[in-house]
2 protein chains.
Amino acid sequence: MARLIQCVPNFSEGINKDIVEEIVEEISKVDGVKLLDYSIDRDHNRSVVTFVGEPEAVVEAAFNCTRKAAELIDMSVHKGGHPRMGATDVIPLVPISEVTMEECIELSKVLGRRIGDELGIPVYLYEESASVQERKNLANIRKGEYEGFFEKMKNKEWLPDFGPSTMNKKSGVTAVGARNFLVAFNVELDTNDMGIANAISRKVRHINGGLRYVKAMGVFLEEKNRVQISMNMVNYEKTSLYTVLELIKIEAKRYGVNVVGSEVVGLVPMQALLECAVYYLQLNGFDMDQVLERRIYE
Amino acid sequence: MARLIQCVPNFSEGINKDIVEEIVEEISKVDGVKLLDYSIDRDHNRSVVTFVGEPEAVVEAAFNCTRKAAELIDMSVHKGGHPRMGATDVIPLVPISEVTMEECIELSKVLGRRIGDELGIPVYLYEESASVQERKNLANIRKGEYEGFFEKMKNKEWLPDFGPSTMNKKSGVTAVGARNFLVAFNVELDTNDMGIANAISRKVRHINGGLRYVKAMGVFLEEKNRVQISMNMVNYEKTSLYTVLELIKIEAKRYGVNVVGSEVVGLVPMQALLECAVYYLQLNGFDMDQVLERRIYE
């Protein structure tokens, strides 16, 4: 397999499709990157683009689309339900193959510096790239949103990592950082009791004493009249999908509730699922290099 | 993903490594094929080579290595424990991606005809390519082995599909055919009772009323003092690994016996394991295109 990282920039435009497509074009025209997907959310007036490629090409594409977004999006007139602080709101870099987290952190700094210096946009490093603990969590950085940043940046604690120390009125501010691949994993229960969903969520998620790399919340599924444990698996290598599923089953049991199904939303690395197969099949001594496709495309 | 087939030729040489390497070189020097593996079995005086590639390139490489084996191996002096009938004993062609079984059958005929016509080696089409029911099973074709073929070929029923109608003394005969990917899947039990292993094998394998695409036999593991159900999954898409594992567990239960582990020997297509993950995680509506690597290398 080649050296690959994934990049999932979020842009504050979900109504004008032409603008989104112009931004996306900046990505797909860079040699060595491959556009995997993009979704335009009208309600949130926001778009999410997913692409992969060689590290240097990804940084180039990420910079180019940020420049285009700065040109085409005016944050001073932006409205939308999703919390946001910049035209290019956040740029996560995710190691996929043959690239370490450390290299992704370095790349995020290279990218952040260019955005700051060349585009005059204040940049905050977040997650694995964060310079201080308070900046690890994106929600923490984004607090106050675009409108609040004019004041927030006056506080010395919120000086950006790169770029000007005052707000960019048109483009806002951008968060850049390396993080692990997120797997969106939801487990559905045969009950409509949100109290049970919330209780189970608390038992399995990290923040309340559960598994270290699980974020979870109860969600009510209107159409099915059932509840779901909606999760972000933030490090599927260290906390496996099967682990949280089995833990949910154990918790559900005390309410006489069963798992009726699960779903993975969006993309998932092969390994996250293979580890589940290995666990349930009780496969001993299995080596991921036994997977035919890995051998073919290595 | 590209159009890919896999080829796993077996050669009747496992002692002289130089000969095996010369044969393997004929494969790896063909553009558009990728050598994945080869194993040299001294005890059986036999080698197995695994390679993949574009269909036409695979046929070319398969022909070239058969020619080289005809040049370097003399069957009239060959000895070895494994049943064999030719210098190139058998050439299976396996559809991997974007190629149908029907195309593989056609390719096996193209390859068989060339080996017959250009190398003067009698060729039998087997498995999916077989012209008659009796030739589907390789063991059936191979019965009598090299030594017995001088007589066997006098029988009209055993006229070859391609090539001369009399034995090739130096090279013997070769079986060529399209077949599904074989997954070697073994399940270990916490007993040393071969009676139990054999009874379970009979329950799960096709020939005695079990699952259609499972071949199974009990094997005693000397070192561990335990038994194993040793299986060939001959169509993992139609009979899944998890199905046979669960069936083994059900049968083992009546003896108070448990599964202590399983193993996959050699290569396994990603999908064979992903289907197990999908089953055990109860993943609903999962699409194989959600697998990141498929999207990257498609």
# chains A, B, ... in the order shown; residues from 1 in each chain; ligands from 1

call {"tool": "select_by_dssp", "arguments": {"residues": "stretch 21-264 of chain B", "states": "strand (DSSP E)", "output": "ChimeraX atom specification"}}
result
/B:33-41,46-53,88-97,123-125,174-178,183-189,214-221,226-233,259-264

call {"tool": "calpha_fit_and_write", "arguments": {"fixed": "chain B", "moving": "chain A", "output": "mmCIF file with C-alpha atoms, in the first residue's frame"}}
result
data_model
loop_
_atom_site.group_PDB
_atom_site.id
_atom_site.type_symbol
_atom_site.label_atom_id
_atom_site.label_comp_id
_atom_site.auth_asym_id
_atom_site.auth_seq_id
_atom_site.Cartn_x
_atom_site.Cartn_y
_atom_site.Cartn_z
ATOM 1 C CA MET A 1 -10.511 -2.474 -8.669
ATOM 2 C CA ALA A 2 -8.943 -3.802 -11.813
ATOM 3 C CA ARG A 3 -9.909 -6.952 -13.717
ATOM 4 C CA LEU A 4 -8.026 -9.619 -11.819
ATOM 5 C CA ILE A 5 -7.768 -13.370 -11.751
ATOM 6 C CA GLN A 6 -5.642 -15.569 -9.567
ATOM 7 C CA CYS A 7 -3.679 -18.580 -10.764
ATOM 8 C CA VAL A 8 -2.277 -21.303 -8.490
ATOM 9 C CA PRO A 9 -0.280 -23.779 -10.600
ATOM 10 C CA ASN A 10 1.157 -26.895 -8.934
ATOM 11 C CA PHE A 11 4.471 -28.287 -10.207
ATOM 12 C CA SER A 12 5.961 -31.729 -9.624
ATOM 13 C CA GLU A 13 9.264 -30.473 -8.260
ATOM 14 C CA GLY A 14 10.020 -29.759 -4.614
ATOM 15 C CA ILE A 15 13.605 -30.908 -4.173
ATOM 16 C CA ASN A 16 15.615 -28.938 -6.716
ATOM 17 C CA LYS A 17 14.996 -25.315 -5.739
ATOM 18 C CA ASP A 18 16.802 -23.963 -8.797
ATOM 19 C CA ILE A 19 14.248 -25.589 -11.065
ATOM 20 C CA VAL A 20 11.351 -24.143 -9.063
ATOM 21 C CA GLU A 21 12.908 -20.707 -9.148
ATOM 22 C CA GLU A 22 13.411 -20.862 -12.902
ATOM 23 C CA ILE A 23 9.745 -21.754 -13.295
ATOM 24 C CA VAL A 24 8.662 -18.962 -10.954
ATOM 25 C CA GLU A 25 10.773 -16.489 -12.885
ATOM 26 C CA GLU A 26 8.744 -17.221 -16.004
ATOM 27 C CA ILE A 27 5.741 -15.932 -14.098
ATOM 28 C CA SER A 28 7.182 -12.870 -12.430
ATOM 29 C CA LYS A 29 8.736 -11.561 -15.603
ATOM 30 C CA VAL A 30 5.384 -11.202 -17.368
ATOM 31 C CA ASP A 31 4.048 -7.633 -17.299
ATOM 32 C CA GLY A 32 0.686 -7.270 -15.563
ATOM 33 C CA VAL A 33 1.047 -10.205 -13.183
ATOM 34 C CA LYS A 34 2.088 -10.107 -9.549
ATOM 35 C CA LEU A 35 3.678 -13.066 -7.793
ATOM 36 C CA LEU A 36 2.091 -13.386 -4.353
ATOM 37 C CA ASP A 37 3.692 -16.485 -2.942
ATOM 38 C CA TYR A 38 5.257 -19.832 -3.646
ATOM 39 C CA SER A 39 5.937 -22.796 -1.424
ATOM 40 C CA ILE A 40 8.284 -25.677 -2.062
ATOM 41 C CA ASP A 41 7.312 -28.969 -0.420
ATOM 42 C CA ARG A 42 10.294 -31.285 -0.229
ATOM 43 C CA ASP A 43 8.366 -34.210 1.285
ATOM 44 C CA HIS A 44 5.818 -34.167 -1.507
ATOM 45 C CA ASN A 45 8.397 -33.166 -4.157
ATOM 46 C CA ARG A 46 5.925 -30.528 -5.252
ATOM 47 C CA SER A 47 5.596 -26.726 -5.439
ATOM 48 C CA VAL A 48 2.628 -24.388 -5.410
ATOM 49 C CA VAL A 49 2.842 -20.882 -6.856
ATOM 50 C CA THR A 50 0.246 -18.139 -6.358
ATOM 51 C CA PHE A 51 0.014 -15.136 -8.622
ATOM 52 C CA VAL A 52 -2.607 -12.618 -9.725
ATOM 53 C CA GLY A 53 -2.992 -10.286 -12.649
ATOM 54 C CA GLU A 54 -4.978 -9.152 -15.611
ATOM 55 C CA PRO A 55 -6.639 -12.105 -17.347
ATOM 56 C CA GLU A 56 -4.564 -12.096 -20.532
ATOM 57 C CA ALA A 57 -1.292 -11.632 -18.657
ATOM 58 C CA VAL A 58 -2.164 -14.499 -16.316
ATOM 59 C CA VAL A 59 -2.809 -16.835 -19.229
ATOM 60 C CA GLU A 60 0.514 -15.810 -20.766
ATOM 61 C CA ALA A 61 2.395 -16.387 -17.502
ATOM 62 C CA ALA A 62 0.640 -19.704 -16.904
ATOM 63 C CA PHE A 63 1.583 -20.890 -20.376
ATOM 64 C CA ASN A 64 5.194 -19.776 -20.017
ATOM 65 C CA CYS A 65 5.732 -21.535 -16.702
ATOM 66 C CA THR A 66 4.133 -24.712 -18.050
ATOM 67 C CA ARG A 67 6.572 -24.607 -20.972
ATOM 68 C CA LYS A 68 9.488 -24.125 -18.594
ATOM 69 C CA ALA A 69 8.288 -26.973 -16.348
ATOM 70 C CA ALA A 70 8.037 -29.231 -19.421
ATOM 71 C CA GLU A 71 11.630 -28.371 -20.208
ATOM 72 C CA LEU A 72 13.073 -28.868 -16.710
ATOM 73 C CA ILE A 73 10.999 -31.633 -15.097
ATOM 74 C CA ASP A 74 11.069 -35.254 -16.177
ATOM 75 C CA MET A 75 8.015 -37.074 -14.858
ATOM 76 C CA SER A 76 9.416 -40.491 -15.807
ATOM 77 C CA VAL A 77 11.790 -40.236 -12.845
ATOM 78 C CA HIS A 78 9.547 -38.257 -10.457
ATOM 79 C CA LYS A 79 8.761 -39.592 -6.994
ATOM 80 C CA GLY A 80 6.651 -37.899 -4.324
ATOM 81 C CA GLY A 81 3.909 -38.520 -1.782
ATOM 82 C CA HIS A 82 1.251 -36.228 -3.239
ATOM 83 C CA PRO A 83 -0.898 -37.631 -6.064
ATOM 84 C CA ARG A 84 0.342 -36.168 -9.354
ATOM 85 C CA MET A 85 0.040 -36.742 -13.078
ATOM 86 C CA GLY A 86 2.126 -34.054 -14.765
ATOM 87 C CA ALA A 87 5.158 -31.778 -14.542
ATOM 88 C CA THR A 88 2.654 -28.966 -14.335
ATOM 89 C CA ASP A 89 0.075 -30.958 -12.475
ATOM 90 C CA VAL A 90 -2.849 -28.579 -12.252
ATOM 91 C CA ILE A 91 -3.563 -24.951 -13.169
ATOM 92 C CA PRO A 92 -6.613 -23.411 -11.470
ATOM 93 C CA LEU A 93 -7.848 -19.999 -12.620
ATOM 94 C CA VAL A 94 -9.827 -18.071 -10.006
ATOM 95 C CA PRO A 95 -11.940 -14.939 -10.619
ATOM 96 C CA ILE A 96 -10.934 -12.216 -8.151
ATOM 97 C CA SER A 97 -12.428 -8.918 -9.296
ATOM 98 C CA GLU A 98 -14.392 -7.646 -12.261
ATOM 99 C CA VAL A 99 -14.123 -11.039 -13.954
ATOM 100 C CA THR A 100 -16.932 -13.584 -14.148
ATOM 101 C CA MET A 101 -16.616 -17.330 -13.730
ATOM 102 C CA GLU A 102 -17.712 -17.657 -17.374
ATOM 103 C CA GLU A 103 -14.761 -15.548 -18.496
ATOM 104 C CA CYS A 104 -12.416 -17.682 -16.395
ATOM 105 C CA ILE A 105 -13.824 -20.804 -18.028
ATOM 106 C CA GLU A 106 -13.151 -19.303 -21.464
ATOM 107 C CA LEU A 107 -9.617 -18.351 -20.420
ATOM 108 C CA SER A 108 -8.964 -21.872 -19.137
ATOM 109 C CA LYS A 109 -9.911 -23.215 -22.554
ATOM 110 C CA VAL A 110 -7.620 -20.767 -24.325
ATOM 111 C CA LEU A 111 -4.798 -21.777 -21.991
ATOM 112 C CA GLY A 112 -5.557 -25.509 -22.267
ATOM 113 C CA ARG A 113 -5.615 -25.375 -26.051
ATOM 114 C CA ARG A 114 -2.236 -23.623 -26.194
ATOM 115 C CA ILE A 115 -0.659 -26.125 -23.799
ATOM 116 C CA GLY A 116 -2.071 -28.986 -25.835
ATOM 117 C CA ASP A 117 -1.192 -27.640 -29.251
ATOM 118 C CA GLU A 118 2.114 -25.896 -28.648
ATOM 119 C CA LEU A 119 3.620 -28.085 -25.928
ATOM 120 C CA GLY A 120 2.128 -31.434 -26.956
ATOM 121 C CA ILE A 121 0.815 -32.084 -23.455
ATOM 122 C CA PRO A 122 -2.622 -33.702 -23.031
ATOM 123 C CA VAL A 123 -4.899 -31.317 -21.121
ATOM 124 C CA TYR A 124 -7.993 -32.130 -19.064
ATOM 125 C CA LEU A 125 -10.448 -29.366 -18.226
ATOM 126 C CA TYR A 126 -11.686 -29.717 -14.624
ATOM 127 C CA GLU A 127 -13.994 -28.071 -12.069
ATOM 128 C CA GLU A 128 -16.139 -25.319 -13.599
ATOM 129 C CA SER A 129 -14.468 -25.858 -16.972
ATOM 130 C CA ALA A 130 -15.103 -29.608 -17.088
ATOM 131 C CA SER A 131 -16.659 -30.924 -20.300
ATOM 132 C CA VAL A 132 -18.355 -33.836 -18.480
ATOM 133 C CA GLN A 133 -19.449 -34.475 -14.900
ATOM 134 C CA GLU A 134 -16.703 -37.097 -14.299
ATOM 135 C CA ARG A 135 -14.024 -34.477 -14.885
ATOM 136 C CA LYS A 136 -15.304 -31.893 -12.408
ATOM 137 C CA ASN A 137 -13.447 -33.477 -9.523
ATOM 138 C CA LEU A 138 -9.665 -33.258 -9.900
ATOM 139 C CA ALA A 139 -9.136 -36.413 -7.817
ATOM 140 C CA ASN A 140 -11.220 -38.311 -10.373
ATOM 141 C CA ILE A 141 -9.066 -37.139 -13.265
ATOM 142 C CA ARG A 142 -5.838 -37.785 -11.387
ATOM 143 C CA LYS A 143 -6.797 -41.326 -10.382
ATOM 144 C CA GLY A 144 -4.042 -43.716 -11.499
ATOM 145 C CA GLU A 145 -1.546 -40.850 -11.438
ATOM 146 C CA TYR A 146 1.268 -40.364 -13.938
ATOM 147 C CA GLU A 147 2.110 -44.063 -14.065
ATOM 148 C CA GLY A 148 -1.470 -45.103 -14.719
ATOM 149 C CA PHE A 149 -2.175 -42.598 -17.490
ATOM 150 C CA PHE A 150 -0.445 -44.628 -20.219
ATOM 151 C CA GLU A 151 -3.267 -47.165 -19.813
ATOM 152 C CA LYS A 152 -6.006 -44.762 -18.708
ATOM 153 C CA MET A 153 -5.779 -42.694 -21.888
ATOM 154 C CA LYS A 154 -6.501 -45.722 -24.049
ATOM 155 C CA ASN A 155 -10.016 -45.601 -22.628
ATOM 156 C CA LYS A 156 -12.127 -43.378 -24.896
ATOM 157 C CA GLU A 157 -13.755 -41.795 -21.845
ATOM 158 C CA TRP A 158 -10.404 -40.348 -20.857
ATOM 159 C CA LEU A 159 -9.441 -38.755 -24.138
ATOM 160 C CA PRO A 160 -8.054 -35.335 -23.196
ATOM 161 C CA ASP A 161 -9.885 -32.086 -23.995
ATOM 162 C CA PHE A 162 -6.855 -30.659 -25.789
ATOM 163 C CA GLY A 163 -3.516 -31.869 -27.107
ATOM 164 C CA PRO A 164 -2.355 -35.328 -28.189
ATOM 165 C CA SER A 165 -4.492 -38.343 -27.402
ATOM 166 C CA THR A 166 -1.525 -40.293 -26.077
ATOM 167 C CA MET A 167 0.604 -39.787 -22.995
ATOM 168 C CA ASN A 168 3.489 -37.286 -22.914
ATOM 169 C CA LYS A 169 6.185 -39.409 -21.282
ATOM 170 C CA LYS A 170 8.322 -36.517 -20.053
ATOM 171 C CA SER A 171 5.621 -34.042 -18.983
ATOM 172 C CA GLY A 172 2.641 -36.258 -18.212
ATOM 173 C CA VAL A 173 -0.777 -34.598 -18.439
ATOM 174 C CA THR A 174 -2.089 -31.328 -17.023
ATOM 175 C CA ALA A 175 -5.460 -30.321 -15.589
ATOM 176 C CA VAL A 176 -6.642 -26.772 -16.305
ATOM 177 C CA GLY A 177 -9.817 -25.266 -14.977
ATOM 178 C CA ALA A 178 -11.698 -22.359 -13.511
ATOM 179 C CA ARG A 179 -12.768 -22.638 -9.901
ATOM 180 C CA ASN A 180 -13.812 -20.490 -6.982
ATOM 181 C CA PHE A 181 -11.369 -19.181 -4.428
ATOM 182 C CA LEU A 182 -10.625 -21.831 -1.796
ATOM 183 C CA VAL A 183 -10.434 -20.686 1.801
ATOM 184 C CA ALA A 184 -8.657 -23.129 4.107
ATOM 185 C CA PHE A 185 -10.488 -22.747 7.425
ATOM 186 C CA ASN A 186 -9.743 -24.918 10.457
ATOM 187 C CA VAL A 187 -11.621 -25.016 13.744
ATOM 188 C CA GLU A 188 -9.984 -26.413 16.868
ATOM 189 C CA LEU A 189 -11.911 -28.183 19.649
ATOM 190 C CA ASP A 190 -11.108 -28.752 23.304
ATOM 191 C CA THR A 191 -11.069 -32.523 22.965
ATOM 192 C CA ASN A 192 -8.619 -35.134 21.697
ATOM 193 C CA ASP A 193 -11.412 -37.471 20.627
ATOM 194 C CA MET A 194 -11.104 -38.124 16.901
ATOM 195 C CA GLY A 195 -14.499 -39.819 16.978
ATOM 196 C CA ILE A 196 -16.049 -36.462 17.825
ATOM 197 C CA ALA A 197 -13.999 -34.667 15.155
ATOM 198 C CA ASN A 198 -15.119 -37.145 12.524
ATOM 199 C CA ALA A 199 -18.738 -37.044 13.617
ATOM 200 C CA ILE A 200 -18.813 -33.244 13.457
ATOM 201 C CA SER A 201 -17.047 -33.245 10.079
ATOM 202 C CA ARG A 202 -19.719 -35.513 8.691
ATOM 203 C CA LYS A 203 -22.449 -33.206 9.976
ATOM 204 C CA VAL A 204 -21.050 -30.056 8.374
ATOM 205 C CA ARG A 205 -19.660 -31.267 5.057
ATOM 206 C CA HIS A 206 -21.609 -31.402 1.853
ATOM 207 C CA ILE A 207 -20.955 -35.007 0.970
ATOM 208 C CA ASN A 208 -22.715 -36.301 4.095
ATOM 209 C CA GLY A 209 -25.622 -33.863 4.102
ATOM 210 C CA GLY A 210 -23.974 -30.735 5.493
ATOM 211 C CA LEU A 211 -23.368 -27.349 3.943
ATOM 212 C CA ARG A 212 -23.110 -27.282 0.195
ATOM 213 C CA TYR A 213 -19.703 -25.648 -0.220
ATOM 214 C CA VAL A 214 -17.829 -27.246 2.671
ATOM 215 C CA LYS A 215 -15.297 -30.054 2.510
ATOM 216 C CA ALA A 216 -14.259 -31.174 5.980
ATOM 217 C CA MET A 217 -12.285 -33.814 7.818
ATOM 218 C CA GLY A 218 -11.136 -34.416 11.354
ATOM 219 C CA VAL A 219 -7.422 -33.944 12.012
ATOM 220 C CA PHE A 220 -5.490 -34.810 15.153
ATOM 221 C CA LEU A 221 -3.082 -32.105 16.325
ATOM 222 C CA GLU A 222 -0.255 -34.098 17.897
ATOM 223 C CA GLU A 223 1.493 -31.197 19.647
ATOM 224 C CA LYS A 224 -1.646 -29.814 21.222
ATOM 225 C CA ASN A 225 -3.296 -33.173 21.880
ATOM 226 C CA ARG A 226 -6.470 -31.739 20.390
ATOM 227 C CA VAL A 227 -8.601 -32.299 17.319
ATOM 228 C CA GLN A 228 -9.424 -29.909 14.539
ATOM 229 C CA ILE A 229 -12.108 -29.747 11.886
ATOM 230 C CA SER A 230 -10.019 -29.043 8.810
ATOM 231 C CA MET A 231 -12.037 -27.485 6.014
ATOM 232 C CA ASN A 232 -11.952 -26.230 2.485
ATOM 233 C CA MET A 233 -14.561 -23.559 1.942
ATOM 234 C CA VAL A 234 -15.053 -23.942 -1.800
ATOM 235 C CA ASN A 235 -17.485 -21.061 -2.263
ATOM 236 C CA TYR A 236 -17.185 -18.605 0.613
ATOM 237 C CA GLU A 237 -19.774 -16.285 -0.932
ATOM 238 C CA LYS A 238 -22.481 -18.921 -0.793
ATOM 239 C CA THR A 239 -21.410 -20.805 2.331
ATOM 240 C CA SER A 240 -19.919 -18.329 4.778
ATOM 241 C CA LEU A 241 -17.212 -19.031 7.341
ATOM 242 C CA TYR A 242 -19.457 -17.973 10.197
ATOM 243 C CA THR A 243 -22.165 -20.391 9.074
ATOM 244 C CA VAL A 244 -19.928 -23.422 9.334
ATOM 245 C CA LEU A 245 -18.374 -22.185 12.583
ATOM 246 C CA GLU A 246 -21.772 -21.787 14.215
ATOM 247 C CA LEU A 247 -22.853 -25.179 12.921
ATOM 248 C CA ILE A 248 -19.721 -26.765 14.398
ATOM 249 C CA LYS A 249 -20.507 -25.115 17.750
ATOM 250 C CA ILE A 250 -24.035 -26.514 17.650
ATOM 251 C CA GLU A 251 -22.756 -30.022 16.941
ATOM 252 C CA ALA A 252 -19.933 -29.755 19.489
ATOM 253 C CA LYS A 253 -22.411 -28.801 22.189
ATOM 254 C CA ARG A 254 -23.938 -32.263 22.307
ATOM 255 C CA TYR A 255 -20.553 -33.664 23.317
ATOM 256 C CA GLY A 256 -19.907 -30.877 25.837
ATOM 257 C CA VAL A 257 -17.073 -29.766 23.588
ATOM 258 C CA ASN A 258 -16.094 -26.160 22.850
ATOM 259 C CA VAL A 259 -14.381 -24.313 20.042
ATOM 260 C CA VAL A 260 -11.050 -23.024 21.324
ATOM 261 C CA GLY A 261 -10.013 -21.218 18.184
ATOM 262 C CA SER A 262 -9.859 -21.242 14.433
ATOM 263 C CA GLU A 263 -7.365 -20.450 11.724
ATOM 264 C CA VAL A 264 -7.288 -19.400 8.119
ATOM 265 C CA VAL A 265 -4.367 -20.949 6.264
ATOM 266 C CA GLY A 266 -2.910 -18.836 3.486
ATOM 267 C CA LEU A 267 -4.740 -16.072 1.709
ATOM 268 C CA VAL A 268 -8.358 -15.099 2.170
ATOM 269 C CA PRO A 269 -10.395 -12.546 0.211
ATOM 270 C CA MET A 270 -11.431 -9.555 2.279
ATOM 271 C CA GLN A 271 -15.082 -10.249 1.614
ATOM 272 C CA ALA A 272 -14.996 -13.703 3.231
ATOM 273 C CA LEU A 273 -14.082 -12.059 6.542
ATOM 274 C CA LEU A 274 -16.154 -8.909 6.109
ATOM 275 C CA GLU A 275 -19.268 -11.041 5.770
ATOM 276 C CA CYS A 276 -18.500 -12.525 9.175
ATOM 277 C CA ALA A 277 -18.093 -9.057 10.679
ATOM 278 C CA VAL A 278 -21.391 -7.997 9.107
ATOM 279 C CA TYR A 279 -23.147 -11.058 10.523
ATOM 280 C CA TYR A 280 -21.839 -10.858 14.072
ATOM 281 C CA LEU A 281 -22.137 -7.082 14.331
ATOM 282 C CA GLN A 282 -25.691 -7.396 12.957
ATOM 283 C CA LEU A 283 -24.798 -4.677 10.466
ATOM 284 C CA ASN A 284 -27.850 -3.689 8.465
ATOM 285 C CA GLY A 285 -27.683 -2.312 4.967
ATOM 286 C CA PHE A 286 -23.915 -2.463 4.848
ATOM 287 C CA ASP A 287 -22.438 -1.911 1.402
ATOM 288 C CA MET A 288 -18.962 -3.268 0.648
ATOM 289 C CA ASP A 289 -18.278 0.085 -1.011
ATOM 290 C CA GLN A 290 -18.237 1.617 2.462
ATOM 291 C CA VAL A 291 -14.883 -0.083 2.956
ATOM 292 C CA LEU A 292 -12.316 2.664 2.636
ATOM 293 C CA GLU A 293 -9.715 0.542 0.867
ATOM 294 C CA ARG A 294 -12.166 -0.529 -1.814
ATOM 295 C CA ARG A 295 -12.892 3.104 -2.547
ATOM 296 C CA ILE A 296 -9.226 4.017 -2.641
ATOM 297 C CA TYR A 297 -8.157 1.197 -4.935
ATOM 298 C CA GLU A 298 -11.295 0.892 -7.062
#

call {"tool": "select_by_dssp", "arguments": {"residues": "stretch 50-153 of chain B", "states": "alpha helix (DSSP H)", "output": "ChimeraX atom specification"}}
result
/B:55-72,101-119,138-142,145-152
